[in-house]
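Below: one structure, written as structure tokens.
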Protein chains: 2
Amino acid sequence: MTLNWNDQGLIPAVVQDAGTGMVLMVAWMNEEALRLTRATRQTHFWSRSRQALWHKGATSGNTQDVVEIYVDCDEDVLLVKVNPAGPACHTGATSCFFRKLDELLPEEDQA
Amino acid sequence: MTLNWNDQGLIPAVVQDAGTGMVLMVAWMNEEALRLTRATRQTHFWSRSRQALWHKGATSGNTQDVVEIYVDCDEDVLLVKVNPAGPACHTGATSCFFRKLDELLPEEDQA
């Protein structure tokens with residue numbers, strides 16, 4: 001099996017709290033980020049905005065210890081179950097998904 | 001607030017079982033798929049391989065009733081919590097993430 005990296009050499013990774021089941025964040029991995037994630041058992045990503053490898057929590061301390069990595073049926077998405085050392089979101093929220101769409105973008109305004 | 005659609009006009013949507021917390025699948029929505037998802041309260045996606053709108057479960061019966069939609073902090077991923085009528089995966093598995101990476105791609109074979 002090989003993973004289906006996109007045309008930028010990236011694959012999306014859904015990060016889920018292994019204990020609570022909460023979906024914490026979605027970020028992108030390139031081959032090196034995945035290799036480092038597996039080797040160190042802590043999440044690493046590729047920052048598309050900074051065009052740089054990113055060890056999650058390296059500066060904030062909010063690392064994520066990897067429990068298990070799953071692949072989806074067509075091998076183009078990863079699901080990483082983790083034990084987080086702190087909030088996943090740079091805002092300080094436990095999860096990056098802390099806002100409901102209906103409150104932000106009422107249906108009639110969608111376009 | 002506006003969503004950050006990618007350069008193909010798409011946004012990834014993580015679909016999670018609202019009851020069990022299981023991550024079921026990840027698929028892509030365009031603006032019309034999101035509009036239909038909100039209007040019908042059942043998930044709709046954009047199939048990149050078929051280049052067509054896709055009402056999940058329209059043929060299989062395995063629809064997903066939408067409970068709530070969340071947006072992440074940088075507005076480029078959706079989290080859709082659903083009550084599924086059946087398996088999410090075309091293989092018949094409850095979730096598309098039914099295989100562990102280590103079993104498919106041993107670490108030493110990664111690169």
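Residue numbering restarts at 1 for every chain of the structure tokens, chains are lettered A, B, ... in their displayed order, and ligands are numbered from 1 as they appear.
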With 6 Å as the limit and counting only C-alpha atoms, what residues in chain B lie close to chain A? Please list them as a compact mmCIF listing (two decimals) with N, CA, C and O atoms, in the first residue's frame.
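Once everything was written out, this is selection.txt:
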```txt
# COMPACT_ATOMS: atom_id res chain seq x y z
N GLY B 21 -19.15 9.33 18.55
CA GLY B 21 -17.91 10.09 18.44
C GLY B 21 -16.96 9.52 17.40
O GLY B 21 -15.88 10.07 17.17
N ILE B 69 -23.02 21.54 12.53
CA ILE B 69 -21.81 21.77 11.73
C ILE B 69 -20.91 22.77 12.46
O ILE B 69 -21.38 23.84 12.85
N TYR B 70 -19.66 22.42 12.61
CA TYR B 70 -18.67 23.29 13.23
C TYR B 70 -17.64 23.74 12.20
O TYR B 70 -17.40 23.03 11.21
N VAL B 71 -17.02 24.88 12.45
CA VAL B 71 -15.97 25.43 11.59
C VAL B 71 -14.71 25.53 12.42
O VAL B 71 -14.78 25.87 13.60
N ASP B 72 -13.56 25.29 11.82
CA ASP B 72 -12.33 25.41 12.62
C ASP B 72 -11.85 26.86 12.68
O ASP B 72 -12.44 27.76 12.07
N CYS B 73 -10.80 27.08 13.45
CA CYS B 73 -10.37 28.44 13.79
C CYS B 73 -9.97 29.26 12.57
O CYS B 73 -10.18 30.47 12.56
N CYS B 96 -14.80 4.81 7.36
CA CYS B 96 -13.78 4.61 6.32
C CYS B 96 -12.39 4.38 6.93
O CYS B 96 -11.48 3.90 6.26
N PHE B 97 -12.22 4.72 8.21
CA PHE B 97 -10.91 4.57 8.87
C PHE B 97 -10.88 3.24 9.63
O PHE B 97 -10.86 3.21 10.86
N ARG B 99 -8.57 0.73 9.02
CA ARG B 99 -7.27 0.08 8.95
C ARG B 99 -6.21 0.93 9.64
O ARG B 99 -6.18 2.15 9.48
N LYS B 100 -5.32 0.24 10.35
CA LYS B 100 -4.23 0.94 11.02
C LYS B 100 -3.04 1.08 10.07
O LYS B 100 -2.68 0.12 9.38
N LEU B 101 -2.42 2.24 10.09
CA LEU B 101 -1.30 2.50 9.20
C LEU B 101 -0.16 1.51 9.41
O LEU B 101 0.44 1.03 8.44
```
Mobile chain A placed on reference chain B by ordered C-alpha fit, as a PDB file with C-alpha atoms, in the first residue's frame:
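Output contents, as saved in result22.pdb:
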```
ATOM      1  CA  MET A   1     -17.293  35.421   8.284  1.00  0.00           C
ATOM      2  CA  THR A   2     -16.612  33.663   5.010  1.00  0.00           C
ATOM      3  CA  LEU A   3     -15.252  30.182   4.562  1.00  0.00           C
ATOM      4  CA  ASN A   4     -11.811  29.672   3.075  1.00  0.00           C
ATOM      5  CA  TRP A   5     -12.534  27.557   0.036  1.00  0.00           C
ATOM      6  CA  ASN A   6      -9.426  26.141  -1.632  1.00  0.00           C
ATOM      7  CA  ASP A   7      -8.358  27.084  -5.160  1.00  0.00           C
ATOM      8  CA  GLN A   8     -10.787  24.484  -6.515  1.00  0.00           C
ATOM      9  CA  GLY A   9     -13.660  26.005  -4.517  1.00  0.00           C
ATOM     10  CA  LEU A  10     -13.734  23.127  -2.051  1.00  0.00           C
ATOM     11  CA  ILE A  11     -13.505  22.682   1.712  1.00  0.00           C
ATOM     12  CA  PRO A  12     -12.823  19.388   3.523  1.00  0.00           C
ATOM     13  CA  ALA A  13     -15.585  18.098   5.790  1.00  0.00           C
ATOM     14  CA  VAL A  14     -14.871  15.668   8.605  1.00  0.00           C
ATOM     15  CA  VAL A  15     -17.959  13.596   9.330  1.00  0.00           C
ATOM     16  CA  GLN A  16     -18.313  12.370  12.893  1.00  0.00           C
ATOM     17  CA  ASP A  17     -21.010  10.179  14.437  1.00  0.00           C
ATOM     18  CA  ALA A  18     -22.814  12.466  16.879  1.00  0.00           C
ATOM     19  CA  GLY A  19     -23.678   9.549  19.116  1.00  0.00           C
ATOM     20  CA  THR A  20     -20.515   7.450  19.282  1.00  0.00           C
ATOM     21  CA  GLY A  21     -17.910  10.100  18.441  1.00  0.00           C
ATOM     22  CA  MET A  22     -16.471   7.842  15.742  1.00  0.00           C
ATOM     23  CA  VAL A  23     -14.872   9.688  12.821  1.00  0.00           C
ATOM     24  CA  LEU A  24     -16.690   8.216   9.854  1.00  0.00           C
ATOM     25  CA  MET A  25     -15.188   9.792   6.740  1.00  0.00           C
ATOM     26  CA  VAL A  26     -13.686  12.896   5.212  1.00  0.00           C
ATOM     27  CA  ALA A  27     -15.057  14.283   1.963  1.00  0.00           C
ATOM     28  CA  TRP A  28     -15.133  17.596   0.139  1.00  0.00           C
ATOM     29  CA  MET A  29     -17.899  20.150  -0.205  1.00  0.00           C
ATOM     30  CA  ASN A  30     -18.290  22.961  -2.671  1.00  0.00           C
ATOM     31  CA  GLU A  31     -20.642  25.836  -2.008  1.00  0.00           C
ATOM     32  CA  GLU A  32     -23.625  24.018  -3.506  1.00  0.00           C
ATOM     33  CA  ALA A  33     -22.946  20.835  -1.513  1.00  0.00           C
ATOM     34  CA  LEU A  34     -22.825  22.861   1.687  1.00  0.00           C
ATOM     35  CA  ARG A  35     -26.004  24.721   0.755  1.00  0.00           C
ATOM     36  CA  LEU A  36     -27.813  21.432   0.106  1.00  0.00           C
ATOM     37  CA  THR A  37     -26.431  19.921   3.318  1.00  0.00           C
ATOM     38  CA  ARG A  38     -27.809  22.818   5.314  1.00  0.00           C
ATOM     39  CA  ALA A  39     -31.120  22.999   3.473  1.00  0.00           C
ATOM     40  CA  THR A  40     -31.903  19.273   3.606  1.00  0.00           C
ATOM     41  CA  ARG A  41     -30.043  18.454   6.847  1.00  0.00           C
ATOM     42  CA  GLN A  42     -28.437  15.498   5.082  1.00  0.00           C
ATOM     43  CA  THR A  43     -24.807  15.408   3.964  1.00  0.00           C
ATOM     44  CA  HIS A  44     -23.975  16.324   0.382  1.00  0.00           C
ATOM     45  CA  PHE A  45     -20.461  16.390  -1.033  1.00  0.00           C
ATOM     46  CA  TRP A  46     -18.550  17.181  -4.191  1.00  0.00           C
ATOM     47  CA  SER A  47     -17.004  14.088  -5.717  1.00  0.00           C
ATOM     48  CA  ARG A  48     -13.613  15.091  -7.081  1.00  0.00           C
ATOM     49  CA  SER A  49     -13.258  11.831  -9.027  1.00  0.00           C
ATOM     50  CA  ARG A  50     -16.699  12.053 -10.633  1.00  0.00           C
ATOM     51  CA  GLN A  51     -16.803  15.867 -10.683  1.00  0.00           C
ATOM     52  CA  ALA A  52     -20.381  15.740  -9.502  1.00  0.00           C
ATOM     53  CA  LEU A  53     -22.556  16.557  -6.539  1.00  0.00           C
ATOM     54  CA  TRP A  54     -23.148  13.566  -4.338  1.00  0.00           C
ATOM     55  CA  HIS A  55     -25.999  13.094  -1.893  1.00  0.00           C
ATOM     56  CA  LYS A  56     -24.486  10.611   0.546  1.00  0.00           C
ATOM     57  CA  GLY A  57     -26.729   7.563   0.747  1.00  0.00           C
ATOM     58  CA  ALA A  58     -28.903   8.473  -2.243  1.00  0.00           C
ATOM     59  CA  THR A  59     -28.268   5.049  -3.783  1.00  0.00           C
ATOM     60  CA  SER A  60     -27.097   2.993  -0.769  1.00  0.00           C
ATOM     61  CA  GLY A  61     -29.675   4.318   1.669  1.00  0.00           C
ATOM     62  CA  ASN A  62     -26.879   5.129   4.092  1.00  0.00           C
ATOM     63  CA  THR A  63     -27.762   8.785   4.487  1.00  0.00           C
ATOM     64  CA  GLN A  64     -26.362  10.948   7.245  1.00  0.00           C
ATOM     65  CA  ASP A  65     -28.689  13.270   9.162  1.00  0.00           C
ATOM     66  CA  VAL A  66     -26.896  16.438  10.157  1.00  0.00           C
ATOM     67  CA  VAL A  67     -26.983  17.350  13.835  1.00  0.00           C
ATOM     68  CA  GLU A  68     -24.547  20.250  13.882  1.00  0.00           C
ATOM     69  CA  ILE A  69     -21.818  21.774  11.719  1.00  0.00           C
ATOM     70  CA  TYR A  70     -18.686  23.287  13.234  1.00  0.00           C
ATOM     71  CA  VAL A  71     -15.992  25.428  11.579  1.00  0.00           C
ATOM     72  CA  ASP A  72     -12.351  25.414  12.617  1.00  0.00           C
ATOM     73  CA  CYS A  73     -10.375  28.441  13.789  1.00  0.00           C
ATOM     74  CA  ASP A  74      -9.080  29.408  10.358  1.00  0.00           C
ATOM     75  CA  GLU A  75     -12.341  28.581   8.590  1.00  0.00           C
ATOM     76  CA  ASP A  76     -10.900  26.072   6.165  1.00  0.00           C
ATOM     77  CA  VAL A  77     -12.297  22.802   7.540  1.00  0.00           C
ATOM     78  CA  LEU A  78     -15.826  21.762   8.534  1.00  0.00           C
ATOM     79  CA  LEU A  79     -16.775  19.209  11.182  1.00  0.00           C
ATOM     80  CA  VAL A  80     -20.201  17.711  10.522  1.00  0.00           C
ATOM     81  CA  LYS A  81     -21.795  15.767  13.352  1.00  0.00           C
ATOM     82  CA  VAL A  82     -24.338  13.292  12.041  1.00  0.00           C
ATOM     83  CA  ASN A  83     -26.682  10.475  12.874  1.00  0.00           C
ATOM     84  CA  PRO A  84     -25.893   7.898  10.173  1.00  0.00           C
ATOM     85  CA  ALA A  85     -28.562   5.596   8.758  1.00  0.00           C
ATOM     86  CA  GLY A  86     -25.920   2.943   8.006  1.00  0.00           C
ATOM     87  CA  PRO A  87     -22.215   2.399   7.325  1.00  0.00           C
ATOM     88  CA  ALA A  88     -20.304   5.405   6.015  1.00  0.00           C
ATOM     89  CA  CYS A  89     -17.859   3.411   3.910  1.00  0.00           C
ATOM     90  CA  HIS A  90     -18.546   1.943   0.491  1.00  0.00           C
ATOM     91  CA  THR A  91     -16.815  -1.233   1.762  1.00  0.00           C
ATOM     92  CA  GLY A  92     -19.602  -1.699   4.310  1.00  0.00           C
ATOM     93  CA  ALA A  93     -17.409  -0.651   7.228  1.00  0.00           C
ATOM     94  CA  THR A  94     -18.984   1.686   9.777  1.00  0.00           C
ATOM     95  CA  SER A  95     -16.121   4.130   9.260  1.00  0.00           C
ATOM     96  CA  CYS A  96     -13.779   4.626   6.311  1.00  0.00           C
ATOM     97  CA  PHE A  97     -10.914   4.586   8.857  1.00  0.00           C
ATOM     98  CA  PHE A  98     -10.951   0.853   9.538  1.00  0.00           C
ATOM     99  CA  ARG A  99      -7.271   0.085   8.931  1.00  0.00           C
ATOM    100  CA  LYS A 100      -4.227   0.961  11.003  1.00  0.00           C
ATOM    101  CA  LEU A 101      -1.301   2.525   9.171  1.00  0.00           C
ATOM    102  CA  ASP A 102       1.275   0.341  10.949  1.00  0.00           C
ATOM    103  CA  GLU A 103      -0.352  -2.786   9.582  1.00  0.00           C
ATOM    104  CA  LEU A 104      -0.489  -1.450   6.031  1.00  0.00           C
ATOM    105  CA  LEU A 105       2.741   0.443   5.782  1.00  0.00           C
ATOM    106  CA  PRO A 106       5.368  -0.700   8.283  1.00  0.00           C
ATOM    107  CA  GLU A 107       7.479   2.205   9.441  1.00  0.00           C
ATOM    108  CA  GLU A 108      10.694   0.895   7.904  1.00  0.00           C
ATOM    109  CA  ASP A 109       8.999   0.752   4.471  1.00  0.00           C
ATOM    110  CA  GLN A 110       7.721   4.294   4.543  1.00  0.00           C
ATOM    111  CA  ALA A 111      10.421   5.637   2.178  1.00  0.00           C
TER     112      ALA A 111
END
```
Extract the full set of strand (DSSP E or B) residues from chain B according to DSSP on the backbone, and format it as a ChimeraX atom specification.
/B:11-17,23-29,42,44-47,52-55,64-71,78-84,99-100
Based on the selection just made, write N, CA, C and O atoms of those residues as a short mmCIF file (atom, residue, chain, number, x, y, z; two decimals), in the first residue's frame.
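Produced file result.cif, reproduced below:
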```
data_model
loop_
_atom_site.label_atom_id
_atom_site.label_comp_id
_atom_site.auth_asym_id
_atom_site.auth_seq_id
_atom_site.Cartn_x
_atom_site.Cartn_y
_atom_site.Cartn_z
N ILE B 11 -13.91 22.67 0.30
CA ILE B 11 -13.49 22.67 1.70
C ILE B 11 -13.65 21.23 2.22
O ILE B 11 -14.62 20.56 1.89
N PRO B 12 -12.66 20.74 2.99
CA PRO B 12 -12.82 19.38 3.52
C PRO B 12 -13.81 19.35 4.69
O PRO B 12 -13.85 20.27 5.50
N ALA B 13 -14.59 18.28 4.72
CA ALA B 13 -15.57 18.09 5.79
C ALA B 13 -15.29 16.76 6.49
O ALA B 13 -15.31 15.70 5.86
N VAL B 14 -15.01 16.85 7.78
CA VAL B 14 -14.85 15.66 8.61
C VAL B 14 -16.23 15.28 9.12
O VAL B 14 -16.94 16.12 9.67
N VAL B 15 -16.62 14.04 8.90
CA VAL B 15 -17.94 13.59 9.33
C VAL B 15 -17.78 12.70 10.55
O VAL B 15 -17.05 11.70 10.51
N GLN B 16 -18.43 13.09 11.63
CA GLN B 16 -18.30 12.36 12.90
C GLN B 16 -19.67 11.89 13.37
O GLN B 16 -20.65 12.65 13.29
N ASP B 17 -19.76 10.67 13.87
CA ASP B 17 -21.00 10.17 14.44
C ASP B 17 -21.30 10.95 15.72
O ASP B 17 -20.50 10.94 16.65
N VAL B 23 -15.08 8.94 14.09
CA VAL B 23 -14.86 9.68 12.84
C VAL B 23 -15.18 8.73 11.69
O VAL B 23 -14.57 7.67 11.56
N LEU B 24 -16.15 9.10 10.87
CA LEU B 24 -16.68 8.20 9.86
C LEU B 24 -16.00 8.33 8.50
O LEU B 24 -15.74 7.34 7.83
N MET B 25 -15.73 9.55 8.10
CA MET B 25 -15.19 9.78 6.76
C MET B 25 -14.75 11.23 6.65
O MET B 25 -15.11 12.07 7.48
N VAL B 26 -13.98 11.52 5.61
CA VAL B 26 -13.67 12.90 5.22
C VAL B 26 -13.99 13.02 3.74
O VAL B 26 -13.60 12.15 2.94
N ALA B 27 -14.75 14.03 3.38
CA ALA B 27 -15.06 14.28 1.98
C ALA B 27 -15.03 15.78 1.76
O ALA B 27 -14.79 16.55 2.68
N TRP B 28 -15.24 16.19 0.50
CA TRP B 28 -15.12 17.60 0.15
C TRP B 28 -16.47 18.19 -0.19
O TRP B 28 -17.31 17.53 -0.80
N MET B 29 -16.67 19.42 0.18
CA MET B 29 -17.89 20.15 -0.20
C MET B 29 -17.51 21.35 -1.04
O MET B 29 -16.51 22.02 -0.76
N GLN B 42 -29.13 16.74 5.38
CA GLN B 42 -28.43 15.49 5.07
C GLN B 42 -27.15 15.85 4.32
O GLN B 42 -27.13 16.79 3.52
N HIS B 44 -24.23 16.28 1.81
CA HIS B 44 -23.97 16.32 0.37
C HIS B 44 -22.51 16.70 0.20
O HIS B 44 -21.98 17.52 0.96
N PHE B 45 -21.87 16.12 -0.80
CA PHE B 45 -20.45 16.40 -1.04
C PHE B 45 -20.23 16.67 -2.51
O PHE B 45 -21.13 16.49 -3.34
N TRP B 46 -18.98 17.07 -2.82
CA TRP B 46 -18.55 17.18 -4.20
C TRP B 46 -17.58 16.04 -4.45
O TRP B 46 -16.55 15.94 -3.78
N SER B 47 -17.90 15.17 -5.38
CA SER B 47 -17.01 14.07 -5.71
C SER B 47 -15.95 14.58 -6.68
O SER B 47 -16.26 14.95 -7.82
N ALA B 52 -18.92 15.64 -9.59
CA ALA B 52 -20.39 15.74 -9.51
C ALA B 52 -20.82 15.87 -8.07
O ALA B 52 -20.13 15.40 -7.15
N LEU B 53 -21.95 16.51 -7.86
CA LEU B 53 -22.54 16.56 -6.54
C LEU B 53 -22.96 15.16 -6.14
O LEU B 53 -23.33 14.34 -7.00
N TRP B 54 -22.92 14.92 -4.84
CA TRP B 54 -23.13 13.57 -4.34
C TRP B 54 -23.92 13.68 -3.04
O TRP B 54 -23.45 14.23 -2.07
N HIS B 55 -25.16 13.18 -3.10
CA HIS B 55 -25.99 13.10 -1.89
C HIS B 55 -25.67 11.77 -1.23
O HIS B 55 -26.09 10.71 -1.71
N GLN B 64 -26.87 10.44 5.98
CA GLN B 64 -26.35 10.96 7.25
C GLN B 64 -27.16 12.20 7.63
O GLN B 64 -27.10 13.21 6.92
N ASP B 65 -27.91 12.12 8.70
CA ASP B 65 -28.69 13.27 9.16
C ASP B 65 -27.79 14.21 9.95
O ASP B 65 -27.13 13.79 10.91
N VAL B 66 -27.80 15.46 9.56
CA VAL B 66 -26.89 16.44 10.17
C VAL B 66 -27.44 16.94 11.50
O VAL B 66 -28.58 17.38 11.58
N VAL B 67 -26.61 16.84 12.52
CA VAL B 67 -26.98 17.34 13.84
C VAL B 67 -26.44 18.76 14.03
O VAL B 67 -27.15 19.66 14.45
N GLU B 68 -25.17 18.95 13.68
CA GLU B 68 -24.53 20.25 13.88
C GLU B 68 -23.31 20.34 12.98
O GLU B 68 -22.66 19.34 12.71
N ILE B 69 -23.02 21.54 12.53
CA ILE B 69 -21.81 21.77 11.73
C ILE B 69 -20.91 22.77 12.46
O ILE B 69 -21.38 23.84 12.85
N TYR B 70 -19.66 22.42 12.61
CA TYR B 70 -18.67 23.29 13.23
C TYR B 70 -17.64 23.74 12.20
O TYR B 70 -17.40 23.03 11.21
N VAL B 71 -17.02 24.88 12.45
CA VAL B 71 -15.97 25.43 11.59
C VAL B 71 -14.71 25.53 12.42
O VAL B 71 -14.78 25.87 13.60
N LEU B 78 -14.54 21.92 7.84
CA LEU B 78 -15.81 21.76 8.54
C LEU B 78 -15.81 20.44 9.30
O LEU B 78 -15.20 19.46 8.88
N LEU B 79 -16.51 20.43 10.43
CA LEU B 79 -16.76 19.20 11.18
C LEU B 79 -18.27 19.02 11.24
O LEU B 79 -18.98 19.89 11.77
N VAL B 80 -18.75 17.94 10.63
CA VAL B 80 -20.18 17.71 10.53
C VAL B 80 -20.55 16.55 11.44
O VAL B 80 -20.10 15.42 11.22
N LYS B 81 -21.33 16.83 12.46
CA LYS B 81 -21.77 15.75 13.36
C LYS B 81 -23.09 15.22 12.84
O LYS B 81 -24.02 16.00 12.57
N VAL B 82 -23.17 13.90 12.69
CA VAL B 82 -24.33 13.28 12.04
C VAL B 82 -24.87 12.09 12.82
O VAL B 82 -24.17 11.49 13.63
N ASN B 83 -26.11 11.77 12.52
CA ASN B 83 -26.67 10.47 12.87
C ASN B 83 -26.76 9.67 11.58
O ASN B 83 -27.58 9.99 10.71
N PRO B 84 -25.91 8.65 11.42
CA PRO B 84 -25.88 7.90 10.17
C PRO B 84 -26.96 6.81 10.12
O PRO B 84 -27.21 6.15 11.12
N ARG B 99 -8.57 0.73 9.02
CA ARG B 99 -7.27 0.08 8.95
C ARG B 99 -6.21 0.93 9.64
O ARG B 99 -6.18 2.15 9.48
N LYS B 100 -5.32 0.24 10.35
CA LYS B 100 -4.23 0.94 11.02
C LYS B 100 -3.04 1.08 10.07
O LYS B 100 -2.68 0.12 9.38
#
```
Per DSSP on the backbone, filter chain A down to the residues in alpha helix (DSSP H) and report them as a list in words.
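Filtering chain A down to alpha helix (DSSP H) leaves Glu31, Glu32, Ala33, Leu34, Arg35, Leu36, Thr37, Arg38, Ala39, Thr40, Leu101, Asp102, Glu103 and Leu104 of chain A.
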